[in-house]
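Contents: one structure, followed by commentary.
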Amino acid sequence: MHHTNKIFILPEMKSADMITGNPYLLLMLEHLGINMEVREKTIAQICNENSVSTDLFLTIANLFNGFRPTHNPVYSYSDIQAIVRYLDNSHKYYLEEKYPQMRHYIEEFNKINSQAEILMIGKF
C-alpha cells in the first residue's frame with residue numbers, strides 16, 4: 001500500500017501519530033468499521049472500544065505500512081469475522097466508489113481522444 005512515512009505501529013502509539021504517518025490508514029479504519037473520531041486514543045484503546053483484536057489491527061496496519069508480520073498470528077473466530085468485514089467493506093468501496101470514478105475518467109479521456117487505442121482502455 002502507499003505510505004508516506006514508514007513507521008511500525010505499536011499498541012501504545014497514539015492513533016493521531018499513526019494517521020499522520022500514513023493518512024491512508026483512515027481508509028483501513030473505515031473498512032474495519034472503526035469510528036474515525038480517534039483523537040488522542042492509543043491503538044490499544046481504539047481496538048478495545050471497537051472489539052477488534054489488537055494483534056489483527058496491528059497486522060493489517062503494519063502491512064499497509066510495508067511491514068510483514070514477524071510471527072504467525074493465531075486468529076480467533078471474531079478475528080475472522082473482522083477480516084471478512086474488512087474485505088467486504090473494501091470490496092464495496094471499490095465497486096461503489098473507485099470503479100465509477102475510474103469509469104468517469106475513462107469516459108472523459110475518450111471524449112478528448114477517440115483513437116482506437118484509447119477506446120480499448122474502456123473495454124479493458
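Residue numbering restarts at 1 in every chain; chains get A, B, ... in the order shown in the C-alpha cells, and ligands count up from 1 in that same order.
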Taking the chain letters and numbering used in this document, name the residues of chain A that DSSP puts in helix (DSSP H, G or I), as a ChimeraX atom specification. /A:15-21,25-31,43-49,54-64,77-112,116-123
Contact residues around A:Leu58 with only C-alpha atoms at 10 Å, ignoring same-chain residues under 4 positions, as a PyMOL selection string: chain A and resi 8-11+43-44+47+53-54+62-64+69
Which residues, written as a list of chain:residue names, have at least one atom at most 12 Å from A:Gly122, with only C-alpha atoms counted and residues fewer than 4 positions away on the same chain left out?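 My list of contacting residues is A:Tyr99, A:Met102, A:Arg103, A:His104, A:Tyr105, A:Ile106, A:Glu107, A:Glu108, A:Phe109, A:Asn110, A:Lys111, A:Ser114, A:Gln115, A:Ala116, A:Glu117, A:Ile118.
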Could you write those residues out with all heavy atoms, as a short mmCIF file (atom, residue, chain, number, x, y, z; two decimals), in the first residue's frame?
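Final output, saved to again09.cif:
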data_model
loop_
_atom_site.label_atom_id
_atom_site.label_comp_id
_atom_site.auth_asym_id
_atom_site.auth_seq_id
_atom_site.Cartn_x
_atom_site.Cartn_y
_atom_site.Cartn_z
N TYR A 99 -14.45 2.30 -8.73
CA TYR A 99 -14.73 1.86 -10.09
C TYR A 99 -15.54 2.92 -10.85
O TYR A 99 -15.18 3.26 -11.98
CB TYR A 99 -15.41 0.50 -10.12
CG TYR A 99 -15.72 0.04 -11.52
CD1 TYR A 99 -14.70 -0.38 -12.36
CD2 TYR A 99 -17.02 0.07 -12.01
CE1 TYR A 99 -14.97 -0.77 -13.67
CE2 TYR A 99 -17.30 -0.33 -13.30
CZ TYR A 99 -16.26 -0.74 -14.13
OH TYR A 99 -16.54 -1.12 -15.41
N MET A 102 -13.21 5.74 -11.77
CA MET A 102 -12.30 5.36 -12.86
C MET A 102 -13.06 5.34 -14.19
O MET A 102 -12.55 5.82 -15.21
CB MET A 102 -11.67 4.00 -12.60
CG MET A 102 -10.68 4.02 -11.46
SD MET A 102 -9.94 2.44 -10.92
CE MET A 102 -10.49 1.22 -12.01
N ARG A 103 -14.27 4.82 -14.19
CA ARG A 103 -15.09 4.76 -15.39
C ARG A 103 -15.34 6.19 -15.91
O ARG A 103 -15.24 6.45 -17.11
CB ARG A 103 -16.40 4.04 -15.07
CG ARG A 103 -17.40 3.95 -16.19
CD ARG A 103 -16.82 3.58 -17.48
NE ARG A 103 -17.03 2.23 -17.89
CZ ARG A 103 -16.38 1.73 -18.93
NH1 ARG A 103 -15.49 2.44 -19.58
NH2 ARG A 103 -16.58 0.52 -19.32
N HIS A 104 -15.64 7.10 -15.00
CA HIS A 104 -15.87 8.50 -15.38
C HIS A 104 -14.61 9.09 -16.03
O HIS A 104 -14.70 9.76 -17.06
CB HIS A 104 -16.28 9.32 -14.16
CG HIS A 104 -16.34 10.79 -14.42
ND1 HIS A 104 -17.35 11.38 -15.15
CD2 HIS A 104 -15.49 11.79 -14.08
CE1 HIS A 104 -17.13 12.68 -15.24
NE2 HIS A 104 -16.01 12.95 -14.59
N TYR A 105 -13.45 8.87 -15.44
CA TYR A 105 -12.21 9.39 -16.00
C TYR A 105 -11.93 8.81 -17.39
O TYR A 105 -11.49 9.52 -18.29
CB TYR A 105 -11.02 9.09 -15.09
CG TYR A 105 -11.03 9.86 -13.79
CD1 TYR A 105 -10.54 9.30 -12.62
CD2 TYR A 105 -11.53 11.16 -13.71
CE1 TYR A 105 -10.54 10.00 -11.43
CE2 TYR A 105 -11.54 11.86 -12.53
CZ TYR A 105 -11.04 11.28 -11.39
OH TYR A 105 -11.04 11.97 -10.21
N ILE A 106 -12.22 7.53 -17.58
CA ILE A 106 -12.01 6.91 -18.89
C ILE A 106 -12.95 7.53 -19.92
O ILE A 106 -12.54 7.82 -21.05
CB ILE A 106 -12.21 5.38 -18.79
CG1 ILE A 106 -11.06 4.76 -17.99
CG2 ILE A 106 -12.31 4.75 -20.19
CD1 ILE A 106 -11.27 3.30 -17.62
N GLU A 107 -14.20 7.76 -19.53
CA GLU A 107 -15.15 8.39 -20.45
C GLU A 107 -14.71 9.80 -20.83
O GLU A 107 -14.81 10.20 -21.99
CB GLU A 107 -16.54 8.40 -19.84
CG GLU A 107 -17.18 7.02 -19.77
CD GLU A 107 -18.44 6.98 -18.92
OE1 GLU A 107 -18.85 8.03 -18.37
OE2 GLU A 107 -19.01 5.87 -18.80
N GLU A 108 -14.21 10.55 -19.85
CA GLU A 108 -13.72 11.90 -20.13
C GLU A 108 -12.50 11.86 -21.05
O GLU A 108 -12.36 12.67 -21.95
CB GLU A 108 -13.38 12.63 -18.83
CG GLU A 108 -14.60 12.98 -17.98
CD GLU A 108 -15.55 13.92 -18.69
OE1 GLU A 108 -15.08 14.94 -19.25
OE2 GLU A 108 -16.76 13.64 -18.68
N PHE A 109 -11.65 10.90 -20.81
CA PHE A 109 -10.45 10.74 -21.63
C PHE A 109 -10.84 10.41 -23.07
O PHE A 109 -10.27 10.93 -24.02
CB PHE A 109 -9.56 9.66 -21.02
CG PHE A 109 -8.17 9.60 -21.60
CD1 PHE A 109 -7.34 10.71 -21.55
CD2 PHE A 109 -7.70 8.43 -22.18
CE1 PHE A 109 -6.05 10.66 -22.07
CE2 PHE A 109 -6.42 8.38 -22.70
CZ PHE A 109 -5.60 9.49 -22.65
N ASN A 110 -11.86 9.55 -23.24
CA ASN A 110 -12.33 9.18 -24.57
C ASN A 110 -12.92 10.36 -25.32
O ASN A 110 -12.85 10.42 -26.54
CB ASN A 110 -13.35 8.04 -24.49
CG ASN A 110 -12.70 6.71 -24.19
OD1 ASN A 110 -11.52 6.50 -24.42
ND2 ASN A 110 -13.49 5.80 -23.66
N LYS A 111 -13.53 11.30 -24.60
CA LYS A 111 -14.07 12.50 -25.24
C LYS A 111 -12.96 13.36 -25.83
O LYS A 111 -13.14 13.99 -26.86
CB LYS A 111 -14.87 13.32 -24.23
CG LYS A 111 -16.19 12.71 -23.85
CD LYS A 111 -16.89 13.58 -22.83
CE LYS A 111 -18.14 12.90 -22.29
NZ LYS A 111 -18.76 13.70 -21.23
N SER A 114 -10.30 10.05 -29.19
CA SER A 114 -11.08 8.85 -29.51
C SER A 114 -10.34 7.87 -30.42
O SER A 114 -10.95 7.12 -31.16
CB SER A 114 -12.41 9.26 -30.15
OG SER A 114 -12.16 9.99 -31.34
N GLN A 115 -9.04 7.87 -30.36
CA GLN A 115 -8.27 6.90 -31.14
C GLN A 115 -8.59 5.49 -30.66
O GLN A 115 -8.95 5.28 -29.50
CB GLN A 115 -6.77 7.18 -31.01
CG GLN A 115 -6.33 8.47 -31.65
CD GLN A 115 -4.84 8.72 -31.47
OE1 GLN A 115 -4.18 8.04 -30.70
NE2 GLN A 115 -4.32 9.70 -32.20
N ALA A 116 -8.43 4.53 -31.55
CA ALA A 116 -8.78 3.14 -31.24
C ALA A 116 -8.06 2.62 -30.01
O ALA A 116 -8.64 1.90 -29.19
CB ALA A 116 -8.49 2.26 -32.46
N GLU A 117 -6.79 2.99 -29.87
CA GLU A 117 -6.02 2.51 -28.70
C GLU A 117 -6.61 3.06 -27.40
O GLU A 117 -6.63 2.36 -26.38
CB GLU A 117 -4.55 2.93 -28.82
CG GLU A 117 -3.81 2.32 -29.97
CD GLU A 117 -3.99 3.08 -31.28
OE1 GLU A 117 -4.62 4.15 -31.29
OE2 GLU A 117 -3.50 2.59 -32.30
N ILE A 118 -7.07 4.29 -27.45
CA ILE A 118 -7.66 4.92 -26.25
C ILE A 118 -8.99 4.26 -25.93
O ILE A 118 -9.32 4.00 -24.76
CB ILE A 118 -7.82 6.44 -26.46
CG1 ILE A 118 -6.49 7.10 -26.78
CG2 ILE A 118 -8.49 7.07 -25.26
CD1 ILE A 118 -5.41 6.92 -25.73
#
For A:Gln81, the nearest of the candidates A:Ile121, A:Leu32, A:Ile19, A:Leu26, counting only C-alpha atoms: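 Of A:Ile121, A:Leu32, A:Ile19, A:Leu26, the one nearest A:Gln81 is A:Leu32, counting only C-alpha atoms.
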Excluding A:Ala82 and any residue of its chain fewer than 5 positions from it, enumerate the residues within 9 Å of it, using only C-alpha atoms, and give them as number ranges by chain. A: 32-33, 52-53, 56, 77, 87
Residues at most 12 Å from A:Thr20, counting only C-alpha atoms, excluding those fewer than 3 positions away in the same chain, as a PyMOL selection string? chain A and resi 3-7+9+13-17+23-26+39
Can you tell me how far atom CA of A:Ser51 sits from atom CA of A:Leu27, in Å to one decimal?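 So the answer is 17.9 Å.
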